[in-house]
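Source file query_29.txt; content: compact mmCIF, N, CA and C atoms.
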# COMPACT_ATOMS: atom_id res chain seq x y z
N MET A 27 8.67 8.29 -28.30
CA MET A 27 8.67 9.51 -27.51
C MET A 27 9.63 9.31 -26.33
N GLN A 28 10.39 10.31 -26.04
CA GLN A 28 11.35 10.23 -24.94
C GLN A 28 11.01 11.27 -23.88
N TYR A 29 11.10 10.87 -22.60
CA TYR A 29 10.80 11.76 -21.48
C TYR A 29 12.01 11.83 -20.56
N THR A 30 12.11 12.95 -19.87
CA THR A 30 13.04 13.07 -18.75
C THR A 30 12.21 13.49 -17.55
N LEU A 31 12.25 12.69 -16.51
CA LEU A 31 11.48 12.98 -15.30
C LEU A 31 12.42 13.45 -14.20
N ARG A 32 12.01 14.49 -13.49
CA ARG A 32 12.81 15.00 -12.38
C ARG A 32 11.98 14.94 -11.10
N ASN A 33 12.69 14.95 -10.00
CA ASN A 33 12.05 15.00 -8.67
C ASN A 33 11.11 13.83 -8.43
N VAL A 34 11.51 12.67 -8.90
CA VAL A 34 10.73 11.45 -8.64
C VAL A 34 10.84 11.17 -7.14
N PRO A 35 9.71 11.05 -6.44
CA PRO A 35 9.78 10.77 -5.01
C PRO A 35 10.57 9.50 -4.72
N ARG A 36 11.32 9.53 -3.63
CA ARG A 36 12.17 8.40 -3.26
C ARG A 36 11.38 7.09 -3.15
N ALA A 37 10.17 7.17 -2.58
CA ALA A 37 9.36 5.96 -2.42
C ALA A 37 8.95 5.38 -3.77
N VAL A 38 8.65 6.25 -4.74
CA VAL A 38 8.29 5.79 -6.07
C VAL A 38 9.49 5.15 -6.74
N ASP A 39 10.65 5.79 -6.61
CA ASP A 39 11.87 5.23 -7.19
C ASP A 39 12.16 3.84 -6.62
N ARG A 40 12.08 3.72 -5.29
CA ARG A 40 12.35 2.42 -4.66
C ARG A 40 11.37 1.36 -5.13
N ALA A 41 10.08 1.73 -5.20
CA ALA A 41 9.06 0.76 -5.60
C ALA A 41 9.28 0.30 -7.04
N LEU A 42 9.58 1.23 -7.94
CA LEU A 42 9.81 0.86 -9.34
C LEU A 42 11.06 0.00 -9.49
N ARG A 43 12.13 0.37 -8.79
CA ARG A 43 13.36 -0.42 -8.88
C ARG A 43 13.18 -1.82 -8.28
N ARG A 44 12.45 -1.91 -7.17
CA ARG A 44 12.20 -3.21 -6.54
C ARG A 44 11.39 -4.09 -7.49
N ARG A 45 10.36 -3.51 -8.12
CA ARG A 45 9.53 -4.28 -9.04
C ARG A 45 10.34 -4.74 -10.25
N ALA A 46 11.18 -3.86 -10.77
CA ALA A 46 12.01 -4.22 -11.93
C ALA A 46 12.94 -5.38 -11.57
N LYS A 47 13.53 -5.30 -10.40
CA LYS A 47 14.45 -6.36 -9.98
C LYS A 47 13.71 -7.68 -9.78
N LEU A 48 12.56 -7.64 -9.11
CA LEU A 48 11.79 -8.86 -8.85
C LEU A 48 11.32 -9.52 -10.14
N GLU A 49 10.97 -8.70 -11.12
CA GLU A 49 10.44 -9.24 -12.37
C GLU A 49 11.52 -9.46 -13.42
N GLY A 50 12.78 -9.09 -13.10
CA GLY A 50 13.86 -9.27 -14.05
C GLY A 50 13.69 -8.42 -15.30
N ARG A 51 13.16 -7.22 -15.12
CA ARG A 51 12.90 -6.32 -16.24
C ARG A 51 13.65 -5.02 -16.02
N SER A 52 13.71 -4.20 -17.04
CA SER A 52 14.41 -2.92 -16.91
C SER A 52 13.53 -1.92 -16.17
N LEU A 53 14.19 -0.95 -15.55
CA LEU A 53 13.47 0.12 -14.87
C LEU A 53 12.58 0.86 -15.87
N ASN A 54 13.08 1.07 -17.06
CA ASN A 54 12.33 1.75 -18.11
C ASN A 54 11.03 1.02 -18.43
N GLU A 55 11.10 -0.30 -18.61
CA GLU A 55 9.91 -1.09 -18.93
C GLU A 55 8.87 -0.99 -17.82
N VAL A 56 9.34 -1.12 -16.59
CA VAL A 56 8.43 -1.10 -15.45
C VAL A 56 7.80 0.28 -15.30
N ALA A 57 8.58 1.34 -15.48
CA ALA A 57 8.06 2.70 -15.35
C ALA A 57 7.02 2.99 -16.43
N ILE A 58 7.29 2.58 -17.66
CA ILE A 58 6.33 2.80 -18.75
C ILE A 58 5.04 2.03 -18.48
N GLU A 59 5.16 0.80 -18.02
CA GLU A 59 3.96 0.01 -17.71
C GLU A 59 3.15 0.66 -16.59
N ALA A 60 3.83 1.16 -15.57
CA ALA A 60 3.13 1.82 -14.46
C ALA A 60 2.40 3.07 -14.94
N LEU A 61 3.05 3.86 -15.79
CA LEU A 61 2.40 5.05 -16.35
C LEU A 61 1.20 4.68 -17.21
N ALA A 62 1.35 3.66 -18.03
CA ALA A 62 0.25 3.23 -18.90
C ALA A 62 -0.93 2.73 -18.08
N GLN A 63 -0.65 1.97 -17.05
CA GLN A 63 -1.73 1.44 -16.22
C GLN A 63 -2.41 2.56 -15.44
N ALA A 64 -1.64 3.49 -14.89
CA ALA A 64 -2.20 4.59 -14.10
C ALA A 64 -3.07 5.51 -14.94
N THR A 65 -2.76 5.63 -16.22
CA THR A 65 -3.53 6.51 -17.10
C THR A 65 -4.68 5.80 -17.80
N GLY A 66 -4.80 4.50 -17.59
CA GLY A 66 -5.90 3.75 -18.19
C GLY A 66 -5.62 3.27 -19.59
N VAL A 67 -4.41 3.49 -20.09
CA VAL A 67 -4.05 3.04 -21.44
C VAL A 67 -3.86 1.53 -21.46
N LEU A 68 -3.36 0.97 -20.40
CA LEU A 68 -3.11 -0.46 -20.30
C LEU A 68 -4.17 -1.08 -19.40
N GLY A 69 -5.26 -1.52 -19.98
CA GLY A 69 -6.32 -2.11 -19.18
C GLY A 69 -6.98 -1.07 -18.29
N GLU A 70 -7.57 -1.53 -17.23
CA GLU A 70 -8.24 -0.66 -16.28
C GLU A 70 -7.23 0.00 -15.36
N PRO A 71 -7.38 1.31 -15.09
CA PRO A 71 -6.49 1.94 -14.12
C PRO A 71 -6.72 1.35 -12.73
N VAL A 72 -5.68 1.33 -11.94
CA VAL A 72 -5.80 0.80 -10.58
C VAL A 72 -6.67 1.74 -9.76
N LYS A 73 -7.69 1.21 -9.13
CA LYS A 73 -8.55 2.03 -8.29
C LYS A 73 -7.86 2.26 -6.95
N GLN A 74 -7.79 3.51 -6.57
CA GLN A 74 -7.17 3.87 -5.30
C GLN A 74 -8.25 4.04 -4.24
N ARG A 75 -7.95 3.63 -3.04
CA ARG A 75 -8.91 3.74 -1.94
C ARG A 75 -8.24 4.54 -0.83
N THR A 76 -8.82 5.68 -0.48
CA THR A 76 -8.23 6.53 0.55
C THR A 76 -8.82 6.28 1.92
N LEU A 77 -9.94 5.62 1.99
CA LEU A 77 -10.67 5.38 3.23
C LEU A 77 -11.21 6.67 3.84
N ALA A 78 -11.22 7.76 3.07
CA ALA A 78 -11.73 9.04 3.57
C ALA A 78 -13.20 8.93 3.97
N ASP A 79 -13.93 8.06 3.30
CA ASP A 79 -15.35 7.91 3.62
C ASP A 79 -15.56 7.28 4.99
N LEU A 80 -14.51 6.68 5.57
CA LEU A 80 -14.63 6.08 6.90
C LEU A 80 -14.19 7.02 8.02
N ALA A 81 -13.51 8.10 7.66
CA ALA A 81 -13.00 9.02 8.68
C ALA A 81 -14.16 9.61 9.48
N GLY A 82 -14.01 9.56 10.79
CA GLY A 82 -15.02 10.14 11.68
C GLY A 82 -16.22 9.26 11.94
N THR A 83 -16.16 8.00 11.54
CA THR A 83 -17.33 7.12 11.72
C THR A 83 -17.18 6.16 12.90
N TRP A 84 -16.07 6.27 13.65
CA TRP A 84 -15.84 5.36 14.76
C TRP A 84 -16.93 5.50 15.80
N GLN A 85 -17.40 4.38 16.32
CA GLN A 85 -18.41 4.37 17.38
C GLN A 85 -17.85 3.55 18.53
N ASP A 86 -17.97 4.10 19.74
CA ASP A 86 -17.52 3.36 20.91
C ASP A 86 -18.37 2.10 21.08
N ASP A 87 -17.70 1.01 21.41
CA ASP A 87 -18.38 -0.26 21.61
C ASP A 87 -17.74 -0.94 22.82
N PRO A 88 -18.40 -0.87 23.97
CA PRO A 88 -17.82 -1.45 25.18
C PRO A 88 -17.50 -2.94 25.05
N LEU A 89 -18.30 -3.70 24.32
CA LEU A 89 -18.03 -5.13 24.16
C LEU A 89 -16.74 -5.35 23.37
N CYS A 90 -16.54 -4.55 22.34
CA CYS A 90 -15.31 -4.65 21.56
C CYS A 90 -14.11 -4.23 22.41
N ASP A 91 -14.26 -3.16 23.17
CA ASP A 91 -13.18 -2.71 24.06
C ASP A 91 -12.80 -3.81 25.05
N GLN A 92 -13.79 -4.50 25.59
CA GLN A 92 -13.53 -5.58 26.55
C GLN A 92 -12.82 -6.75 25.86
N ALA A 93 -13.25 -7.08 24.66
CA ALA A 93 -12.61 -8.18 23.91
C ALA A 93 -11.15 -7.85 23.63
N LEU A 94 -10.86 -6.62 23.26
CA LEU A 94 -9.48 -6.22 23.01
C LEU A 94 -8.66 -6.24 24.30
N ALA A 95 -9.25 -5.80 25.39
CA ALA A 95 -8.55 -5.84 26.68
C ALA A 95 -8.25 -7.27 27.09
N ASP A 96 -9.18 -8.18 26.83
CA ASP A 96 -8.96 -9.60 27.15
C ASP A 96 -7.78 -10.17 26.37
N GLN A 97 -7.56 -9.71 25.15
CA GLN A 97 -6.45 -10.18 24.34
C GLN A 97 -5.11 -9.68 24.86
N ASP A 98 -5.13 -8.57 25.57
CA ASP A 98 -3.90 -8.00 26.11
C ASP A 98 -3.48 -8.62 27.44
N ARG A 99 -4.35 -9.39 28.03
CA ARG A 99 -4.06 -9.98 29.33
C ARG A 99 -3.08 -11.15 29.15
N VAL A 100 -2.04 -11.16 29.96
CA VAL A 100 -1.01 -12.20 29.90
C VAL A 100 -1.37 -13.33 30.85
N ASP A 101 -1.33 -14.56 30.33
CA ASP A 101 -1.56 -15.74 31.16
C ASP A 101 -0.22 -16.15 31.73
N GLU A 102 0.00 -15.86 32.99
CA GLU A 102 1.29 -16.12 33.64
C GLU A 102 1.67 -17.61 33.61
N GLU A 103 0.69 -18.49 33.66
CA GLU A 103 0.96 -19.93 33.65
C GLU A 103 1.60 -20.37 32.33
N MET A 104 1.25 -19.71 31.24
CA MET A 104 1.80 -20.08 29.95
C MET A 104 3.26 -19.67 29.80
N TRP A 105 3.74 -18.74 30.64
CA TRP A 105 5.09 -18.23 30.53
C TRP A 105 6.04 -18.88 31.52
N LYS A 106 5.63 -19.93 32.17
CA LYS A 106 6.51 -20.62 33.13
C LYS A 106 7.25 -21.75 32.46
Could you write out this structure as structure tokens?
Amino acid sequence: MQYTLRNVPRAVDRALRRRAKLEGRSLNEVAIEALAQATGVLGEPVKQRTLADLAGTWQDDPLCDQALADQDRVDEEMWK
């Protein structure tokens, strides 16, 4: 079966080309493998995590805020 794909996002193109180059394989081979894996034909599909379930769950924590502030403090003696 032959396909022609249009409007491939630039980031997808770069990622596929980078992977093909790193693995010493053709762009065609890498693209077919990525499609097969994403559709579940080649083993388990890659599970995507959006972190949407964490949105809006931040809780203020003064101890954490203080610890982060302590990390931002510059020790002048170390820079002499």
Exercise. Choose the residue, out of A:Arg32, A:Arg43, A:Asp79, A:Asp96, that has the smallest atom-to-atom separation from Ala57 (chain A); count all atoms listed in the file.
Key: A:Arg43
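Closest to Asn54 (chain A) among A:Leu42, A:Ala93, A:Lys73, A:Val34 is A:Leu42, based on only C-alpha atoms.
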Quiz item: chain A: which residues are helix (DSSP H, G or I) by DSSP, as a PyMOL selection string?
Solution: chain A and resi 36-49+53-64+78-80+88-98+102-105
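For the atom pair formed by CA of Met27 (chain A) and atom N of Gly69 (chain A), the distance is 19.3 Å, given to one decimal.
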